[in-house]
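Below is coords-v4.pdb, holding PDB, C-alpha atoms.
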```
ATOM      1  CA  MET A   7      20.230  43.465 -66.488
ATOM      2  CA  ALA A   8      20.352  40.682 -63.855
ATOM      3  CA  PRO A   9      16.980  39.411 -62.616
ATOM      4  CA  ASN A  10      15.821  40.680 -59.273
ATOM      5  CA  ASN A  11      15.912  37.467 -57.227
ATOM      6  CA  SER A  12      14.508  39.079 -54.086
ATOM      7  CA  SER A  13      11.491  40.335 -56.040
ATOM      8  CA  SER A  14      10.863  36.870 -57.526
ATOM      9  CA  CYS A  15      11.077  35.239 -54.100
ATOM     10  CA  SER A  16       8.687  37.817 -52.682
ATOM     11  CA  CYS A  17       6.139  37.174 -55.459
ATOM     12  CA  GLY A  18       6.416  33.411 -54.974
ATOM     13  CA  LEU A  19       5.870  33.722 -51.232
ATOM     14  CA  THR A  20       2.909  36.024 -51.795
ATOM     15  CA  ARG A  21       1.302  33.506 -54.164
ATOM     16  CA  LEU A  22       1.885  30.677 -51.684
ATOM     17  CA  LEU A  23       0.357  32.627 -48.802
ATOM     18  CA  THR A  24      -2.581  33.605 -51.014
ATOM     19  CA  ILE A  25      -3.248  29.966 -51.909
ATOM     20  CA  ILE A  26      -3.023  28.949 -48.247
ATOM     21  CA  GLY A  27      -5.390  31.768 -47.281
ATOM     22  CA  VAL A  28      -7.911  30.754 -49.953
ATOM     23  CA  LEU A  29      -7.786  27.086 -48.866
ATOM     24  CA  ILE A  30      -8.311  28.059 -45.230
ATOM     25  CA  GLY A  31     -11.194  30.299 -46.228
ATOM     26  CA  VAL A  32     -12.830  27.536 -48.275
ATOM     27  CA  PHE A  33     -12.355  24.604 -45.896
ATOM     28  CA  THR A  34     -12.925  26.294 -42.526
ATOM     29  CA  PRO A  35     -16.710  26.710 -42.949
ATOM     30  CA  ILE A  36     -16.977  23.216 -44.450
ATOM     31  CA  ILE A  37     -15.173  21.693 -41.473
ATOM     32  CA  TYR A  38     -17.288  23.749 -39.084
ATOM     33  CA  LEU A  39     -20.536  22.542 -40.689
ATOM     34  CA  ILE A  40     -19.400  18.917 -40.638
ATOM     35  CA  GLU A  41     -18.392  19.200 -36.975
ATOM     36  CA  ARG A  42     -21.785  20.645 -36.064
ATOM     37  CA  ASN A  43     -23.583  17.838 -37.905
ATOM     38  CA  LEU A  44     -21.422  14.789 -37.179
ATOM     39  CA  GLU A  45     -24.282  12.968 -35.462
ATOM     40  CA  ASN A  46     -26.649  13.579 -38.370
ATOM     41  CA  ILE A  47     -24.256  12.538 -41.139
ATOM     42  CA  SER A  48     -22.985   9.431 -39.348
ATOM     43  CA  VAL A  49     -24.037   6.026 -40.658
ATOM     44  CA  PHE A  50     -23.714   4.341 -37.283
ATOM     45  CA  LYS A  51     -25.170   5.304 -33.917
ATOM     46  CA  THR A  52     -23.297   4.514 -30.722
ATOM     47  CA  ASP A  53     -26.410   3.059 -29.072
ATOM     48  CA  GLU A  54     -27.020   0.816 -32.085
ATOM     49  CA  LEU A  55     -23.476  -0.556 -31.948
ATOM     50  CA  HIS A  56     -23.544  -1.186 -28.212
ATOM     51  CA  ASP A  57     -26.909  -2.915 -28.498
ATOM     52  CA  VAL A  58     -25.844  -5.277 -31.286
ATOM     53  CA  ALA A  59     -22.602  -6.061 -29.417
ATOM     54  CA  LEU A  60     -24.529  -6.964 -26.249
ATOM     55  CA  ARG A  61     -26.986  -9.140 -28.175
ATOM     56  CA  GLY A  62     -24.135 -10.892 -29.979
ATOM     57  CA  ILE A  63     -22.441 -11.681 -26.662
ATOM     58  CA  LYS A  64     -25.714 -12.890 -25.140
ATOM     59  CA  GLU A  65     -26.412 -15.101 -28.141
ATOM     60  CA  HIS A  66     -22.957 -16.663 -28.519
ATOM     61  CA  GLY A  67     -21.193 -16.355 -25.153
ATOM     62  CA  ASN A  68     -17.452 -16.981 -25.456
ATOM     63  CA  ASP A  69     -17.504 -17.844 -29.174
ATOM     64  CA  THR A  70     -15.878 -14.665 -30.484
ATOM     65  CA  ALA A  71     -16.069 -15.686 -34.144
ATOM     66  CA  LYS A  72     -19.831 -16.204 -33.871
ATOM     67  CA  ILE A  73     -20.215 -12.854 -32.090
ATOM     68  CA  VAL A  74     -18.356 -11.112 -34.921
ATOM     69  CA  GLU A  75     -20.471 -12.924 -37.508
ATOM     70  CA  TYR A  76     -23.675 -11.917 -35.691
ATOM     71  CA  ILE A  77     -22.644  -8.251 -35.513
ATOM     72  CA  VAL A  78     -21.439  -7.957 -39.090
ATOM     73  CA  ASN A  79     -24.494  -9.728 -40.529
ATOM     74  CA  GLU A  80     -26.887  -7.394 -38.711
ATOM     75  CA  LEU A  81     -24.939  -4.257 -39.593
ATOM     76  CA  HIS A  82     -24.742  -5.318 -43.233
ATOM     77  CA  ALA A  83     -28.495  -5.928 -43.279
ATOM     78  CA  ASN A  84     -29.103  -2.450 -41.837
ATOM     79  CA  HIS A  85     -26.419  -0.572 -43.811
ATOM     80  CA  PRO A  86     -25.671  -2.662 -46.928
ATOM     81  CA  SER A  87     -23.931   0.134 -48.844
ATOM     82  CA  HIS A  88     -21.559   1.023 -46.005
ATOM     83  CA  VAL A  89     -20.548  -2.313 -44.460
ATOM     84  CA  ASN A  90     -17.877  -4.731 -45.611
ATOM     85  CA  PRO A  91     -19.430  -8.145 -44.810
ATOM     86  CA  ARG A  92     -16.353 -10.295 -45.521
ATOM     87  CA  TRP A  93     -15.351 -10.891 -41.908
ATOM     88  CA  ASN A  94     -14.449 -14.529 -42.608
ATOM     89  CA  ASP A  95     -12.100 -13.747 -45.530
ATOM     90  CA  PRO A  96      -8.474 -13.975 -44.296
ATOM     91  CA  ASN A  97      -7.470 -11.388 -46.893
ATOM     92  CA  GLU A  98      -9.576  -8.786 -45.062
ATOM     93  CA  TRP A  99      -7.579  -9.231 -41.842
ATOM     94  CA  PHE A 100      -4.143  -7.743 -41.199
ATOM     95  CA  PHE A 101      -1.829  -6.809 -38.345
ATOM     96  CA  ASN A 102      -1.993  -3.357 -36.821
ATOM     97  CA  ASN A 103       0.994  -1.970 -34.904
ATOM     98  CA  ALA A 104       0.258   1.346 -33.223
ATOM     99  CA  GLY A 105       1.503   2.970 -30.047
ATOM    100  CA  GLY A 106       3.549  -0.113 -29.191
ATOM    101  CA  ALA A 107       0.519  -2.427 -29.215
ATOM    102  CA  MET A 108      -0.059  -5.153 -31.793
ATOM    103  CA  GLY A 109      -3.174  -6.978 -32.858
ATOM    104  CA  GLY A 110      -5.256  -8.092 -35.793
ATOM    105  CA  MET A 111      -7.946  -5.964 -37.395
ATOM    106  CA  TYR A 112     -10.669  -6.153 -40.003
ATOM    107  CA  ILE A 113     -12.309  -3.033 -41.448
ATOM    108  CA  ILE A 114     -16.103  -3.056 -41.404
ATOM    109  CA  HIS A 115     -16.349   0.572 -42.526
ATOM    110  CA  ALA A 116     -13.961   3.445 -43.178
ATOM    111  CA  SER A 117     -14.815   6.953 -44.345
ATOM    112  CA  ILE A 118     -13.590  10.488 -43.694
ATOM    113  CA  THR A 119     -15.627  10.878 -40.485
ATOM    114  CA  GLU A 120     -16.178   7.296 -39.269
ATOM    115  CA  TYR A 121     -14.439   3.986 -38.979
ATOM    116  CA  LEU A 122     -15.681   0.697 -37.583
ATOM    117  CA  ILE A 123     -13.368  -2.260 -37.108
ATOM    118  CA  ILE A 124     -12.885  -5.482 -35.236
ATOM    119  CA  PHE A 125      -9.592  -5.254 -33.356
ATOM    120  CA  GLY A 126      -8.026  -7.709 -30.967
ATOM    121  CA  THR A 127      -5.476 -10.364 -30.187
ATOM    122  CA  ALA A 128      -5.537 -13.942 -28.926
ATOM    123  CA  ILE A 129      -2.383 -13.508 -26.810
ATOM    124  CA  GLY A 130      -2.562 -10.036 -25.242
ATOM    125  CA  THR A 131      -0.929  -6.686 -25.966
ATOM    126  CA  GLU A 132      -0.226  -3.284 -24.389
ATOM    127  CA  GLY A 133       0.459   0.227 -25.598
ATOM    128  CA  HIS A 134      -0.429   3.881 -26.017
ATOM    129  CA  THR A 135      -3.956   4.744 -27.183
ATOM    130  CA  GLY A 136      -2.828   7.693 -29.267
ATOM    131  CA  ARG A 137      -4.249  11.197 -29.017
ATOM    132  CA  HIS A 138      -6.861  11.328 -31.723
ATOM    133  CA  THR A 139      -9.033  13.710 -33.729
ATOM    134  CA  ALA A 140     -12.085  11.500 -33.155
ATOM    135  CA  ASP A 141     -14.037  10.003 -30.278
ATOM    136  CA  ASP A 142     -13.238   6.305 -29.952
ATOM    137  CA  TYR A 143     -15.732   3.748 -28.616
ATOM    138  CA  PHE A 144     -14.331   0.334 -27.700
ATOM    139  CA  HIS A 145     -17.127  -2.270 -27.324
ATOM    140  CA  ILE A 146     -15.488  -5.270 -25.661
ATOM    141  CA  LEU A 147     -16.706  -8.551 -27.168
ATOM    142  CA  SER A 148     -14.480 -11.008 -25.302
ATOM    143  CA  GLY A 149     -11.752 -10.809 -22.674
ATOM    144  CA  GLU A 150     -10.869  -7.589 -20.867
ATOM    145  CA  GLN A 151      -9.279  -4.265 -21.692
ATOM    146  CA  TRP A 152      -7.469  -2.324 -18.968
ATOM    147  CA  ALA A 153      -6.689   1.389 -19.090
ATOM    148  CA  TYR A 154      -4.639   3.775 -16.988
ATOM    149  CA  VAL A 155      -4.317   7.554 -16.707
ATOM    150  CA  PRO A 156      -1.527   9.358 -14.786
ATOM    151  CA  GLY A 157      -2.462  10.278 -11.231
ATOM    152  CA  GLU A 158      -4.735   7.283 -10.704
ATOM    153  CA  PHE A 159      -3.669   4.302  -8.634
ATOM    154  CA  LYS A 160      -6.109   1.722  -9.944
ATOM    155  CA  PRO A 161      -6.766   0.607 -13.508
ATOM    156  CA  GLU A 162      -9.989   1.090 -15.402
ATOM    157  CA  ILE A 163     -11.235  -2.412 -16.232
ATOM    158  CA  TYR A 164     -13.568  -3.049 -19.150
ATOM    159  CA  PRO A 165     -14.949  -6.625 -19.351
ATOM    160  CA  ALA A 166     -16.953  -8.182 -22.172
ATOM    161  CA  GLY A 167     -20.190  -6.264 -22.702
ATOM    162  CA  SER A 168     -18.783  -2.926 -21.535
ATOM    163  CA  MET A 169     -17.868   0.121 -23.622
ATOM    164  CA  HIS A 170     -14.687   2.162 -23.186
ATOM    165  CA  HIS A 171     -15.082   5.729 -24.506
ATOM    166  CA  LEU A 172     -11.795   7.471 -25.261
ATOM    167  CA  ARG A 173     -12.750  11.093 -25.768
ATOM    168  CA  ARG A 174     -11.249  13.081 -28.602
ATOM    169  CA  GLY A 175      -7.883  14.570 -27.669
ATOM    170  CA  THR A 176      -7.372  12.447 -24.545
ATOM    171  CA  VAL A 177      -4.809   9.702 -24.053
ATOM    172  CA  LYS A 178      -4.372   6.578 -21.919
ATOM    173  CA  GLN A 179      -2.165   3.574 -21.506
ATOM    174  CA  TYR A 180      -4.121   0.440 -22.345
ATOM    175  CA  LYS A 181      -3.649  -3.272 -22.070
ATOM    176  CA  MET A 182      -5.361  -6.443 -23.191
ATOM    177  CA  PRO A 183      -3.842  -8.793 -20.607
ATOM    178  CA  GLU A 184      -4.897 -11.939 -22.455
ATOM    179  CA  SER A 185      -7.141 -12.761 -25.385
ATOM    180  CA  CYS A 186      -9.437  -9.805 -26.111
ATOM    181  CA  PHE A 187     -11.455  -8.634 -29.105
ATOM    182  CA  ALA A 188     -13.521  -5.497 -29.541
ATOM    183  CA  LEU A 189     -15.839  -3.714 -31.934
ATOM    184  CA  GLU A 190     -14.087  -0.345 -32.228
ATOM    185  CA  TYR A 191     -15.914   2.705 -33.567
ATOM    186  CA  ALA A 192     -14.395   6.145 -34.166
ATOM    187  CA  ARG A 193     -16.322   9.288 -35.088
ATOM    188  CA  GLY A 194     -14.575  12.519 -36.024
ATOM    189  CA  TRP A 195     -11.694  13.211 -38.397
ATOM    190  CA  ILE A 196     -10.303   9.838 -39.439
ATOM    191  CA  PRO A 197      -7.466  10.680 -41.913
ATOM    192  CA  PRO A 198      -5.217  12.305 -39.239
ATOM    193  CA  MET A 199      -5.528   9.106 -37.174
ATOM    194  CA  LEU A 200      -3.827   7.150 -39.943
ATOM    195  CA  PHE A 201      -0.442   8.710 -39.119
ATOM    196  CA  PHE A 202      -0.594   7.044 -35.689
ATOM    197  CA  GLY A 203      -1.509   3.769 -37.364
ATOM    198  CA  PHE A 204       1.457   3.971 -39.753
ATOM    199  CA  ALA A 205       4.132   5.280 -37.360
ATOM    200  CA  ASP A 206       5.236   1.951 -35.864
ATOM    201  CA  GLY A 207       5.370   0.319 -39.269
ATOM    202  CA  LEU A 208       7.563   3.079 -40.662
ATOM    203  CA  SER A 209       9.853   3.514 -37.656
ATOM    204  CA  SER A 210       9.940   0.157 -35.872
ATOM    205  CA  THR A 211       8.549  -2.990 -37.490
ATOM    206  CA  LEU A 212       9.358  -1.901 -41.077
ATOM    207  CA  ASP A 213       6.671  -4.357 -42.160
ATOM    208  CA  ILE A 214       6.100  -2.887 -45.613
ATOM    209  CA  PRO A 215       3.683  -5.594 -46.872
ATOM    210  CA  THR A 216       1.369  -4.955 -43.893
ATOM    211  CA  LEU A 217       1.588  -1.182 -44.406
ATOM    212  CA  TYR A 218       0.720  -1.699 -48.062
ATOM    213  CA  ARG A 219      -2.326  -3.813 -47.205
ATOM    214  CA  THR A 220      -3.417  -1.261 -44.600
ATOM    215  CA  VAL A 221      -3.266   1.551 -47.152
ATOM    216  CA  VAL A 222      -5.023  -0.457 -49.872
ATOM    217  CA  LEU A 223      -7.875  -1.759 -47.698
ATOM    218  CA  THR A 224      -8.413   1.566 -45.921
ATOM    219  CA  GLY A 225      -8.214   3.549 -49.152
ATOM    220  CA  LYS A 226     -10.616   1.175 -50.890
ATOM    221  CA  GLN A 227     -13.180   1.738 -48.150
ATOM    222  CA  MET A 228     -12.755   5.520 -47.956
ATOM    223  CA  ILE A 229     -12.841   6.077 -51.705
ATOM    224  CA  GLY A 230     -15.792   3.715 -52.109
ATOM    225  CA  ASN A 231     -17.766   5.622 -49.498
ATOM    226  CA  LEU A 232     -16.847   8.997 -50.991
ATOM    227  CA  LEU A 233     -18.125   7.806 -54.383
ATOM    228  CA  ILE A 234     -21.563   7.186 -52.892
ATOM    229  CA  GLY A 235     -21.599  10.518 -51.064
ATOM    230  CA  LYS A 236     -20.426   9.410 -47.594
ATOM    231  CA  ILE A 237     -17.791  11.694 -46.097
TER     232      ILE A 237
END
```

Let's see the structure in the file written out as structure tokens.
Amino acid sequence: MAPNNSSSCSCGLTRLLTIIGVLIGVFTPIIYLIERNLENISVFKTDELHDVALRGIKEHGNDTAKIVEYIVNELHANHPSHVNPRWNDPNEWFFNNAGGAMGGMYIIHASITEYLIIFGTAIGTEGHTGRHTADDYFHILSGEQWAYVPGEFKPEIYPAGSMHHLRRGTVKQYKMPESCFALEYARGWIPPMLFFGFADGLSSTLDIPTLYRTVVLTGKQMIGNLLIGKI
């Protein structure tokens, strides 16, 4: 007798839907609890980051490298298990192409619910912020960042010492008209943001070595933090 193909397909689909239902049932309450407690489980506080950025600027003025050194040293002293202190190692820096903008970045911290980086460029850039699953806080260390939303007729201008908060799910056009560097902090769901970070590399620049370094350095940070209990 020939096998009943329709019955086999039906059983396979049922198993698949059952697995999906179980996964949704398991992860939904976990995600809900994490969302409700993001502030409590976060390593970094937004006030802490803004304060250290302001003090770094006050201490070192227009010397961006010294500002970065000041910030990273203090954060490493306060959070030694969660901060990558190697800001002055060229191997820790790499290009980031996302939303049409291009700049250099160095990862201070990356986990499932937080990332903290230095991002910027010495020659200016412009692009799309992305629509993200996390709140993004841009602490400007040097230069200016401009932002625009449809319906407005003037730009938002963020000079050194200011903080640009891009709320979760919102989007803007942004520009660094000249040299500009920032301490960028995101809190929320970080893994979905990586697709935005990879899109230009996969569809436009085709810069595979940079994509590889991005994956390796980000993965190293995320896995390392997971191993010590930081989601």

Mind running stretch 93-172 of chain A against stretch 212-230 of chain A at 7 Å and telling me each contacting residue's nearest atom pair with the distance in Å (one decimal), counting all atoms listed in the file, chain and number ascending, as JSON lines?
```
{"residue": "A:Phe100", "atom": "CA", "partner": "A:Thr216", "partner_atom": "CA", "distance": 6.7}
{"residue": "A:Phe101", "atom": "CA", "partner": "A:Thr216", "partner_atom": "CA", "distance": 6.7}
{"residue": "A:His115", "atom": "CA", "partner": "A:Gln227", "partner_atom": "CA", "distance": 6.6}
{"residue": "A:Ala116", "atom": "CA", "partner": "A:Gln227", "partner_atom": "CA", "distance": 5.3}
{"residue": "A:Ser117", "atom": "CA", "partner": "A:Met228", "partner_atom": "CA", "distance": 4.4}
{"residue": "A:Ile118", "atom": "CA", "partner": "A:Met228", "partner_atom": "CA", "distance": 6.6}
```

Determine, for each residue of stretch 108-152 of chain A having at least one atom at most 7 Å from an atom of stretch 193-200 of chain A, the closest pair of atoms and their separation in Å to one decimal, counting all atoms listed in the file; order by chain and ascending number, as CSV.
```
residue,atom,partner,partner_atom,distance
A:Ile118,CA,A:Ile196,CA,5.4
A:Thr119,CA,A:Gly194,CA,4.9
A:Glu120,CA,A:Arg193,CA,4.6
A:Tyr121,CA,A:Arg193,CA,6.8
A:His138,CA,A:Met199,CA,6.0
A:Thr139,CA,A:Trp195,CA,5.4
A:Ala140,CA,A:Gly194,CA,3.9
A:Asp141,CA,A:Arg193,CA,5.4
A:Asp142,CA,A:Arg193,CA,6.7
```

With the file shown as input, list the residues that the PyMOL selection byres ((chain A and resi 53-56) around 9) selects, as a PyMOL selection string.
chain A and resi 50-52+57-61+77+81+145+167-169+189+191

Contact residues around A:Ala166 with all atoms listed in the file at 7 Å, ignoring same-chain residues under 6 positions, as number ranges by chain:
A: 146-150

If you count all atoms listed in the file, the residue of A:Lys178, A:Lys236, A:His82, A:His170 closest to A:Glu190 turns out to be A:His170

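In this structure, atom CA of A:Tyr154 sits 18.4 Å away from atom CA of A:Gly126.
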
Å distance separating atom CA of A:Ala192 from atom CA of A:Asn90, one decimal place:
16.2 Å

May I ask for the distance between atom CA of A:Lys181 and atom CA of A:Ser48, given in Å to one decimal place?
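Interatomic distance, atom CA of A:Lys181 to atom CA of A:Ser48: 28.9 Å.
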
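In this comparison, which uses all atoms listed in the file, the residue of A:Val155, A:Ile113, A:Leu172, A:Ala107 approaching A:Val89 most closely is A:Ile113.
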
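Proximity of A:Asn46, A:Asn97, A:Asn68, A:Asn103 to A:Asp206, computed with all atoms listed in the file, is greatest for A:Asn103.
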